[in-house]
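File shown: final.pdb (PDB, C-alpha atoms and all ligand atoms).
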```pdb
ATOM      1  CA  MET A   1       0.000   0.000   0.000
ATOM      2  CA  ILE A   2       1.252   3.463  -0.931
ATOM      3  CA  TRP A   3      -0.212   5.912   1.560
ATOM      4  CA  PRO A   4      -1.043   9.560   0.738
ATOM      5  CA  ASN A   5       1.618  12.248   1.135
ATOM      6  CA  GLY A   6       4.374   9.635   0.796
ATOM      7  CA  ALA A   7       3.616   8.273   4.270
ATOM      8  CA  LYS A   8       5.075   4.921   5.278
ATOM      9  CA  SER A   9       2.082   3.857   7.385
ATOM     10  CA  ALA A  10      -1.372   5.048   8.402
ATOM     11  CA  THR A  11      -2.888   5.466  11.862
ATOM     12  CA  MET A  12      -6.547   5.717  12.820
ATOM     13  CA  LEU A  13      -7.537   7.063  16.241
ATOM     14  CA  THR A  14     -10.961   5.517  16.839
ATOM     15  CA  PHE A  15     -13.420   5.703  19.711
ATOM     16  CA  ASP A  16     -16.375   3.374  20.094
ATOM     17  CA  PHE A  17     -18.836   5.754  21.756
ATOM     18  CA  ASP A  18     -20.898   3.085  23.524
ATOM     19  CA  ALA A  19     -22.149   5.047  26.570
ATOM     20  CA  GLU A  20     -24.590   2.801  28.499
ATOM     21  CA  THR A  21     -25.275   0.511  25.522
ATOM     22  CA  LEU A  22     -22.231  -1.642  26.280
ATOM     23  CA  TRP A  23     -23.965  -2.806  29.474
ATOM     24  CA  LEU A  24     -27.626  -2.534  28.401
ATOM     25  CA  SER A  25     -27.061  -4.852  25.447
ATOM     26  CA  ARG A  26     -25.108  -7.441  27.419
ATOM     27  CA  ASP A  27     -27.750  -7.924  30.113
ATOM     28  CA  PRO A  28     -31.192  -6.257  30.140
ATOM     29  CA  ALA A  29     -31.103  -6.463  33.968
ATOM     30  CA  ASN A  30     -28.407  -3.767  33.859
ATOM     31  CA  ALA A  31     -31.157  -1.243  33.051
ATOM     32  CA  LYS A  32     -31.919  -1.269  36.802
ATOM     33  CA  LYS A  33     -28.278  -1.017  37.926
ATOM     34  CA  PRO A  34     -27.283   2.667  38.141
ATOM     35  CA  GLY A  35     -23.796   1.752  39.308
ATOM     36  CA  VAL A  36     -23.098  -0.378  36.276
ATOM     37  CA  LEU A  37     -24.598   2.175  33.881
ATOM     38  CA  SER A  38     -22.711   5.066  35.462
ATOM     39  CA  GLN A  39     -19.556   3.742  33.776
ATOM     40  CA  GLY A  40     -21.144   4.487  30.400
ATOM     41  CA  ILE A  41     -22.621   7.797  31.535
ATOM     42  CA  TYR A  42     -19.115   8.883  32.526
ATOM     43  CA  GLY A  43     -17.905   8.082  29.000
ATOM     44  CA  ALA A  44     -20.546  10.315  27.447
ATOM     45  CA  GLN A  45     -20.652  13.159  29.952
ATOM     46  CA  ARG A  46     -16.988  13.482  30.873
ATOM     47  CA  GLY A  47     -14.952  11.146  28.670
ATOM     48  CA  VAL A  48     -15.955  12.526  25.266
ATOM     49  CA  PRO A  49     -15.282  16.227  26.059
ATOM     50  CA  GLU A  50     -11.914  15.334  27.623
ATOM     51  CA  ILE A  51     -10.944  13.232  24.579
ATOM     52  CA  LEU A  52     -11.990  16.064  22.249
ATOM     53  CA  LYS A  53      -9.628  18.359  24.178
ATOM     54  CA  VAL A  54      -6.683  15.978  23.661
ATOM     55  CA  LEU A  55      -7.456  15.663  19.945
ATOM     56  CA  LYS A  56      -7.732  19.451  19.638
ATOM     57  CA  ASP A  57      -4.417  19.946  21.444
ATOM     58  CA  HIS A  58      -2.763  17.762  18.812
ATOM     59  CA  ASP A  59      -4.971  18.962  15.935
ATOM     60  CA  LEU A  60      -5.742  15.386  14.883
ATOM     61  CA  PRO A  61      -8.851  13.812  13.324
ATOM     62  CA  ALA A  62     -10.583  10.786  14.832
ATOM     63  CA  THR A  63     -13.529   8.504  14.171
ATOM     64  CA  PHE A  64     -16.317   7.918  16.702
ATOM     65  CA  TYR A  65     -18.328   4.734  16.015
ATOM     66  CA  THR A  66     -21.635   5.477  17.713
ATOM     67  CA  PRO A  67     -24.739   3.345  18.368
ATOM     68  CA  GLY A  68     -28.029   5.030  17.430
ATOM     69  CA  TRP A  69     -29.230   4.809  21.051
ATOM     70  CA  THR A  70     -26.188   6.814  22.203
ATOM     71  CA  ALA A  71     -26.808   9.489  19.558
ATOM     72  CA  GLU A  72     -30.434   9.831  20.712
ATOM     73  CA  LYS A  73     -29.466  10.186  24.385
ATOM     74  CA  TYR A  74     -26.455  12.486  23.855
ATOM     75  CA  PRO A  75     -27.193  14.746  20.853
ATOM     76  CA  ASP A  76     -24.996  17.528  22.250
ATOM     77  CA  ARG A  77     -22.019  15.177  22.285
ATOM     78  CA  MET A  78     -22.718  14.198  18.661
ATOM     79  CA  HIS A  79     -22.757  17.840  17.633
ATOM     80  CA  ALA A  80     -19.513  18.527  19.526
ATOM     81  CA  ILE A  81     -17.790  15.605  17.790
ATOM     82  CA  LEU A  82     -18.958  16.725  14.352
ATOM     83  CA  GLU A  83     -18.234  20.417  14.962
ATOM     84  CA  ALA A  84     -14.653  19.458  15.832
ATOM     85  CA  GLY A  85     -14.360  17.874  12.383
ATOM     86  CA  HIS A  86     -14.310  14.215  13.405
ATOM     87  CA  GLU A  87     -16.010  11.349  11.626
ATOM     88  CA  VAL A  88     -19.034   9.532  13.086
ATOM     89  CA  GLY A  89     -19.435   5.883  12.075
ATOM     90  CA  HIS A  90     -22.218   3.327  12.487
ATOM     91  CA  HIS A  91     -22.007   1.080  15.584
ATOM     92  CA  GLY A  92     -25.420  -0.628  15.627
ATOM     93  CA  TYR A  93     -28.459   0.685  17.471
ATOM     94  CA  LEU A  94     -28.187  -0.749  21.005
ATOM     95  CA  HIS A  95     -24.744  -2.372  20.636
ATOM     96  CA  GLU A  96     -26.329  -5.663  19.566
ATOM     97  CA  TRP A  97     -24.693  -9.066  19.816
ATOM     98  CA  ILE A  98     -24.225 -10.751  16.445
ATOM     99  CA  ASP A  99     -26.800 -13.458  15.744
ATOM    100  CA  PRO A 100     -26.554 -14.612  12.102
ATOM    101  CA  SER A 101     -29.509 -16.949  12.697
ATOM    102  CA  LYS A 102     -31.755 -13.848  12.854
ATOM    103  CA  PRO A 103     -30.933 -11.841   9.701
ATOM    104  CA  GLU A 104     -34.101  -9.762  10.054
ATOM    105  CA  ASP A 105     -33.008  -8.618  13.518
ATOM    106  CA  GLU A 106     -29.585  -7.694  12.126
ATOM    107  CA  ARG A 107     -31.258  -5.695   9.355
ATOM    108  CA  ALA A 108     -33.630  -3.948  11.776
ATOM    109  CA  ALA A 109     -30.801  -2.872  14.112
ATOM    110  CA  PHE A 110     -28.684  -1.745  11.160
ATOM    111  CA  GLU A 111     -31.517   0.391   9.737
ATOM    112  CA  LYS A 112     -32.512   1.772  13.152
ATOM    113  CA  GLY A 113     -28.918   2.836  13.875
ATOM    114  CA  LEU A 114     -28.614   4.583  10.513
ATOM    115  CA  GLU A 115     -31.942   6.333  10.995
ATOM    116  CA  ALA A 116     -30.992   7.606  14.458
ATOM    117  CA  LEU A 117     -27.634   9.012  13.317
ATOM    118  CA  ASN A 118     -29.375  10.786  10.466
ATOM    119  CA  ARG A 119     -32.217  12.166  12.584
ATOM    120  CA  VAL A 120     -30.046  13.329  15.489
ATOM    121  CA  ALA A 121     -26.850  14.409  13.755
ATOM    122  CA  GLY A 122     -27.928  14.792  10.134
ATOM    123  CA  ILE A 123     -25.269  12.398   8.907
ATOM    124  CA  THR A 124     -25.103   9.328   6.695
ATOM    125  CA  PRO A 125     -22.102   7.362   7.927
ATOM    126  CA  THR A 126     -19.748   5.750   5.413
ATOM    127  CA  GLY A 127     -18.168   3.311   7.883
ATOM    128  CA  TYR A 128     -19.397   0.574  10.199
ATOM    129  CA  ARG A 129     -17.808  -1.150  13.179
ATOM    130  CA  SER A 130     -19.620  -4.120  14.631
ATOM    131  CA  PRO A 131     -20.514  -3.635  18.310
ATOM    132  CA  ALA A 132     -19.741  -7.248  19.169
ATOM    133  CA  GLY A 133     -16.091  -7.797  18.247
ATOM    134  CA  GLU A 134     -17.654 -10.087  15.641
ATOM    135  CA  THR A 135     -19.572  -9.710  12.398
ATOM    136  CA  SER A 136     -21.569 -11.838   9.936
ATOM    137  CA  PRO A 137     -21.849 -12.277   6.154
ATOM    138  CA  ASN A 138     -25.307 -10.712   6.431
ATOM    139  CA  LEU A 139     -23.872  -7.563   8.037
ATOM    140  CA  ILE A 140     -21.175  -7.247   5.377
ATOM    141  CA  SER A 141     -23.953  -7.494   2.748
ATOM    142  CA  LEU A 142     -25.973  -4.809   4.566
ATOM    143  CA  ILE A 143     -22.945  -2.475   4.532
ATOM    144  CA  GLU A 144     -22.804  -2.913   0.757
ATOM    145  CA  GLU A 145     -26.582  -2.663   0.288
ATOM    146  CA  PHE A 146     -26.821   0.621   2.189
ATOM    147  CA  GLY A 147     -23.901   2.111   0.277
ATOM    148  CA  LEU A 148     -21.370   2.366   3.093
ATOM    149  CA  LEU A 149     -17.745   2.417   1.962
ATOM    150  CA  TYR A 150     -16.081   0.370   4.656
ATOM    151  CA  ASP A 151     -16.217  -2.004   7.621
ATOM    152  CA  SER A 152     -13.814  -2.056  10.579
ATOM    153  CA  SER A 153     -14.699  -5.250  12.457
ATOM    154  CA  LEU A 154     -12.165  -7.947  11.492
ATOM    155  CA  MET A 155      -8.570  -8.909  12.303
ATOM    156  CA  THR A 156      -7.608 -10.586   9.035
ATOM    157  CA  ASP A 157      -4.657  -8.349   8.095
ATOM    158  CA  VAL A 158      -2.685  -5.219   8.986
ATOM    159  CA  THR A 159      -3.543  -3.435   5.735
ATOM    160  CA  PRO A 160      -6.960  -2.663   4.223
ATOM    161  CA  TYR A 161      -8.483  -5.131   1.804
ATOM    162  CA  ARG A 162     -11.784  -5.625  -0.007
ATOM    163  CA  HIS A 163     -14.516  -8.021   1.076
ATOM    164  CA  THR A 164     -15.962 -10.493  -1.407
ATOM    165  CA  LEU A 165     -19.707 -10.908  -0.922
ATOM    166  CA  GLU A 166     -21.313 -14.346  -0.752
ATOM    167  CA  ASP A 167     -22.482 -14.018  -4.353
ATOM    168  CA  GLY A 168     -18.928 -13.260  -5.479
ATOM    169  CA  ARG A 169     -19.366  -9.508  -6.016
ATOM    170  CA  PRO A 170     -16.779  -7.123  -4.544
ATOM    171  CA  GLY A 171     -17.927  -5.651  -1.233
ATOM    172  CA  PRO A 172     -16.851  -2.935   1.200
ATOM    173  CA  VAL A 173     -13.275  -2.119   2.157
ATOM    174  CA  GLU A 174     -12.137  -3.648   5.458
ATOM    175  CA  LEU A 175     -10.010  -1.604   7.895
ATOM    176  CA  PRO A 176      -8.650  -4.284  10.241
ATOM    177  CA  TRP A 177      -8.040  -3.884  13.971
ATOM    178  CA  HIS A 178      -6.806  -6.204  16.753
ATOM    179  CA  TRP A 179      -7.489  -6.703  20.480
ATOM    180  CA  SER A 180      -3.875  -5.752  21.318
ATOM    181  CA  SER A 181      -4.533  -2.228  19.989
ATOM    182  CA  ASP A 182      -7.811  -1.871  21.901
ATOM    183  CA  ASP A 183      -8.140  -0.282  25.356
ATOM    184  CA  ALA A 184     -10.925  -2.585  26.616
ATOM    185  CA  PRO A 185      -8.839  -5.735  27.282
ATOM    186  CA  TYR A 186      -6.653  -3.735  29.673
ATOM    187  CA  MET A 187      -9.230  -1.461  31.294
ATOM    188  CA  ILE A 188     -12.661  -3.113  31.456
ATOM    189  CA  PHE A 189     -13.749  -4.350  34.858
ATOM    190  CA  ALA A 190     -16.743  -6.287  36.186
ATOM    191  CA  ILE A 191     -17.421  -7.386  39.747
ATOM    192  CA  GLN A 192     -18.811 -10.783  38.679
ATOM    193  CA  THR A 193     -15.866 -11.621  36.420
ATOM    194  CA  PRO A 194     -13.028  -9.502  37.757
ATOM    195  CA  ARG A 195     -10.041  -8.894  35.561
ATOM    196  CA  PRO A 196      -6.945  -6.940  36.524
ATOM    197  CA  ILE A 197      -6.783  -3.362  35.311
ATOM    198  CA  ARG A 198      -3.423  -2.870  33.593
ATOM    199  CA  SER A 199      -1.073   0.059  34.128
ATOM    200  CA  ASN A 200      -0.526   2.796  31.578
ATOM    201  CA  ASP A 201       3.120   1.728  31.218
ATOM    202  CA  GLU A 202       2.097  -1.802  30.274
ATOM    203  CA  VAL A 203      -0.579  -0.663  27.805
ATOM    204  CA  PHE A 204       1.754   1.939  26.291
ATOM    205  CA  GLN A 205       4.432  -0.692  25.785
ATOM    206  CA  ILE A 206       2.038  -3.011  23.934
ATOM    207  CA  TRP A 207       0.513  -0.234  21.813
ATOM    208  CA  ARG A 208       3.928   1.296  21.062
ATOM    209  CA  ASP A 209       5.446  -2.026  19.994
ATOM    210  CA  GLU A 210       2.446  -2.809  17.790
ATOM    211  CA  PHE A 211       2.557   0.647  16.221
ATOM    212  CA  ASP A 212       6.325   0.467  15.617
ATOM    213  CA  ALA A 213       6.044  -2.935  13.925
ATOM    214  CA  ILE A 214       3.048  -1.976  11.791
ATOM    215  CA  HIS A 215       4.809   1.260  10.795
ATOM    216  CA  GLU A 216       7.832  -0.775   9.721
ATOM    217  CA  MET A 217       5.536  -3.034   7.649
ATOM    218  CA  GLY A 218       3.799  -0.054   6.057
ATOM    219  CA  GLY A 219       0.413  -1.081   7.435
ATOM    220  CA  LEU A 220      -2.564   0.466   9.203
ATOM    221  CA  PHE A 221      -2.393   1.011  12.970
ATOM    222  CA  ASN A 222      -6.057   1.051  13.996
ATOM    223  CA  LEU A 223      -6.201   2.153  17.644
ATOM    224  CA  VAL A 224      -9.557   1.208  19.180
ATOM    225  CA  MET A 225     -10.551   3.181  22.284
ATOM    226  CA  HIS A 226     -13.702   3.873  24.278
ATOM    227  CA  PRO A 227     -14.688   7.114  26.091
ATOM    228  CA  GLN A 228     -15.649   5.042  29.163
ATOM    229  CA  PHE A 229     -12.057   3.720  29.411
ATOM    230  CA  THR A 230      -9.620   6.062  27.639
ATOM    231  CA  GLY A 231     -11.713   9.005  28.866
ATOM    232  CA  ARG A 232     -10.618   8.271  32.466
ATOM    233  CA  PRO A 233      -8.176  10.868  33.867
ATOM    234  CA  SER A 234      -4.933   8.890  33.796
ATOM    235  CA  ARG A 235      -5.844   7.195  30.511
ATOM    236  CA  LEU A 236      -6.131  10.599  28.831
ATOM    237  CA  ARG A 237      -2.451  10.957  29.665
ATOM    238  CA  LEU A 238      -1.829   7.587  28.018
ATOM    239  CA  LEU A 239      -3.615   8.813  24.876
ATOM    240  CA  HIS A 240      -1.499  11.963  24.882
ATOM    241  CA  ARG A 241       1.666   9.868  25.350
ATOM    242  CA  MET A 242       0.696   7.517  22.514
ATOM    243  CA  ILE A 243      -0.051  10.405  20.158
ATOM    244  CA  GLU A 244       3.339  11.923  20.988
ATOM    245  CA  HIS A 245       4.997   8.625  20.101
ATOM    246  CA  ILE A 246       3.081   8.220  16.820
ATOM    247  CA  THR A 247       3.685  11.804  15.726
ATOM    248  CA  SER A 248       7.395  11.502  16.550
ATOM    249  CA  GLN A 249       7.567   9.626  13.243
ATOM    250  CA  SER A 250       7.323  12.177  10.465
ATOM    251  CA  ASP A 251       6.064   9.712   7.838
ATOM    252  CA  VAL A 252       2.801   8.579   9.449
ATOM    253  CA  TRP A 253      -0.550   9.522   7.913
ATOM    254  CA  ILE A 254      -3.082  10.043  10.739
ATOM    255  CA  ALA A 255      -6.536   9.949   9.231
ATOM    256  CA  THR A 256     -10.178   9.035   9.838
ATOM    257  CA  GLY A 257     -11.561   5.667   8.799
ATOM    258  CA  HIS A 258     -13.346   7.366   5.917
ATOM    259  CA  GLN A 259     -10.129   8.967   4.679
ATOM    260  CA  VAL A 260      -8.169   5.696   4.904
ATOM    261  CA  ALA A 261     -10.905   3.682   3.198
ATOM    262  CA  SER A 262     -11.315   6.309   0.455
ATOM    263  CA  ALA A 263      -7.575   6.364  -0.260
ATOM    264  CA  TRP A 264      -7.433   2.581  -0.453
ATOM    265  CA  ASP A 265     -10.616   2.426  -2.553
ATOM    266  CA  GLN A 266      -9.230   4.914  -5.067
ATOM    267  CA  ALA A 267      -5.937   3.013  -5.310
ATOM    268  CA  ASN A 268      -7.774  -0.332  -5.621
ATOM    269  CA  PRO A 269     -11.064   0.302  -7.456
ATOM    270  CA  LYS A 270     -13.721  -2.419  -7.655
TER     271      LYS A 270
HETATM  272 ZN    ZN B   1     -18.779  -0.718  21.159
END
```

Same coordinates, now as structure tokens:
Amino acid sequence: MIWPNGAKSATMLTFDFDAETLWLSRDPANAKKPGVLSQGIYGAQRGVPEILKVLKDHDLPATFYTPGWTAEKYPDRMHAILEAGHEVGHHGYLHEWIDPSKPEDERAAFEKGLEALNRVAGITPTGYRSPAGETSPNLISLIEEFGLLYDSSLMTDVTPYRHTLEDGRPGPVELPWHWSSDDAPYMIFAIQTPRPIRSNDEVFQIWRDEFDAIHEMGGLFNLVMHPQFTGRPSRLRLLHRMIEHITSQSDVWIATGHQVASAWDQANPK
């Protein structure tokens, strides 16, 4: 891949703006657990504005994959994200689990999410990230059917590639990610299934090493973050530190998912 402006690699700073949907979708009983939900409320109320400040300080673009439910509850946050020039992508309606045995449910959630983003923020997203860390052939077909340019749900490669639909037609561009470049594995916590919360030094080391290696390979470093985790006070410092490391390389193209997918699409037309 030859990246724009002669860059050796590309980096996407992405935020899955789940708010309470991460917990509401996993267990409906969470709707009556204010403590659990307050983690997501923090992400929307405090995390997003703090993240926007860091991005503004560095004058960098980002992509916020947002469920329709979140857009409806936090329209002011949607407007702040868009006014700052960032991209908003599709992230389901209520952060649904993938269930390929119910294609009509997948279609309904996909359409409802699109409708909410359009009604609240006046946008038609060009990118989709599955809310489940998983996807389905039906969802990839829906992305194509509704005219979106790209998906960012799979871990197949470290450079973009094009999906082939089940009927053999070329499909959307894929912008791959990986759990190692995601904040959730290091920062999520639940009382029922406790996991250790990892230190910034440990997370920085993993992210830095992954970035350095992908940069050397000329690939796409797709950093996946969440306002409920990276929006925490000390994690904002980690984000700042990571951006400083990435921008210390002069030949990195930092772009939104839409910009990366468009560049790849133009270089590799259907
Ligand atoms: Zn999510």

CA of Gly47 (chain A) to CA of Ala10 (chain A), distance in Å rounded to a single decimal:
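Going from CA of Gly47 (chain A) over to CA of Ala10 (chain A), I get 25.1 Å.
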
Name all residues at most 8 Å from region 147-157 of chain A (count all atoms listed in the file; drop same-chain ones fewer than 4 positions away) and give them as a PyMOL selection string.
chain A and resi 125-130+133-135+140+143+172-178+258+261-262

When distances are computed from all atoms listed in the file, which of A:Leu139, A:Ala62, A:Leu220, A:Val203 shows the smallest separation from Ile2 (chain A)?
A:Leu220

Do you have the CA of Asp18 (chain A)-CA of Pro61 (chain A) distance handy?
19.1 Å

Rank A:Lys8, A:His163, A:Arg26, A:His95 by their smallest atom-to-atom distance to ligand ZN 1 (chain B), using all atoms listed in the file, and report the top residue only.
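Closest residue, counting all atoms listed in the file: A:His95.
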
How close does chain A get to ligand ZN 1 (chain B)? List, as a Markdown table, each residue of chain A within 9 Å, its nearest atom pair and the distance in Å to one decimal, counting only C-alpha atoms and all ligand atoms.
```
| residue | atom | partner | partner_atom | distance |
| --- | --- | --- | --- | --- |
| A:Phe15 | CA | B:ZN1 | ZN | 8.5 |
| A:Asp16 | CA | B:ZN1 | ZN | 4.9 |
| A:Phe17 | CA | B:ZN1 | ZN | 6.5 |
| A:Asp18 | CA | B:ZN1 | ZN | 5.0 |
| A:Ala19 | CA | B:ZN1 | ZN | 8.6 |
| A:Thr21 | CA | B:ZN1 | ZN | 7.9 |
| A:Leu22 | CA | B:ZN1 | ZN | 6.2 |
| A:Tyr65 | CA | B:ZN1 | ZN | 7.5 |
| A:Thr66 | CA | B:ZN1 | ZN | 7.6 |
| A:Pro67 | CA | B:ZN1 | ZN | 7.7 |
| A:His91 | CA | B:ZN1 | ZN | 6.7 |
| A:Gly92 | CA | B:ZN1 | ZN | 8.6 |
| A:His95 | CA | B:ZN1 | ZN | 6.2 |
| A:Arg129 | CA | B:ZN1 | ZN | 8.1 |
| A:Ser130 | CA | B:ZN1 | ZN | 7.4 |
| A:Pro131 | CA | B:ZN1 | ZN | 4.4 |
| A:Ala132 | CA | B:ZN1 | ZN | 6.9 |
| A:Gly133 | CA | B:ZN1 | ZN | 8.1 |
| A:His226 | CA | B:ZN1 | ZN | 7.5 |
```

Do a neighbour search on Ile214 (chain A) at 12 Å with all atoms listed in the file, toss out local chain neighbours closer than 5 positions, and write the hits as an mmCIF file with C-alpha atoms, keeping the file's coordinate frame.
```
data_model
loop_
_atom_site.group_PDB
_atom_site.id
_atom_site.type_symbol
_atom_site.label_atom_id
_atom_site.label_comp_id
_atom_site.auth_asym_id
_atom_site.auth_seq_id
_atom_site.Cartn_x
_atom_site.Cartn_y
_atom_site.Cartn_z
ATOM 1 C CA LYS A 8 5.075 4.921 5.278
ATOM 2 C CA SER A 9 2.082 3.857 7.385
ATOM 3 C CA ALA A 10 -1.372 5.048 8.402
ATOM 4 C CA THR A 11 -2.888 5.466 11.862
ATOM 5 C CA ASP A 157 -4.657 -8.349 8.095
ATOM 6 C CA VAL A 158 -2.685 -5.219 8.986
ATOM 7 C CA THR A 159 -3.543 -3.435 5.735
ATOM 8 C CA TRP A 177 -8.040 -3.884 13.971
ATOM 9 C CA HIS A 178 -6.806 -6.204 16.753
ATOM 10 C CA SER A 181 -4.533 -2.228 19.989
ATOM 11 C CA TRP A 207 0.513 -0.234 21.813
ATOM 12 C CA ARG A 208 3.928 1.296 21.062
ATOM 13 C CA ASP A 209 5.446 -2.026 19.994
ATOM 14 C CA GLY A 219 0.413 -1.081 7.435
ATOM 15 C CA LEU A 220 -2.564 0.466 9.203
ATOM 16 C CA PHE A 221 -2.393 1.011 12.970
ATOM 17 C CA ASN A 222 -6.057 1.051 13.996
ATOM 18 C CA LEU A 223 -6.201 2.153 17.644
ATOM 19 C CA ILE A 246 3.081 8.220 16.820
ATOM 20 C CA VAL A 252 2.801 8.579 9.449
#
```

Enclose the full set of atoms of region 41-44 of chain A listed in the file within a box whose edges lie along x, y and z, apply 6 Å of padding to each of the six sides, and report centre and edge lengths in Å to one decimal as lines of an AutoDock Vina configuration file.
```
center_x = -20.3
center_y = 9.1
center_z = 30.0
size_x = 16.7
size_y = 14.5
size_z = 17.1
```

The PyMOL selection byres (((chain A and resi 256) around 8) and not hetatm) - which residues does that actually catch in the file I just gave you? List them as a ChimeraX atom specification.
/A:12-14,61-63,86-87,254-255,257-260

Interatomic distance between CA of Asn118 (chain A) and CA of Glu104 (chain A)?
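The value is 21.1 Å.
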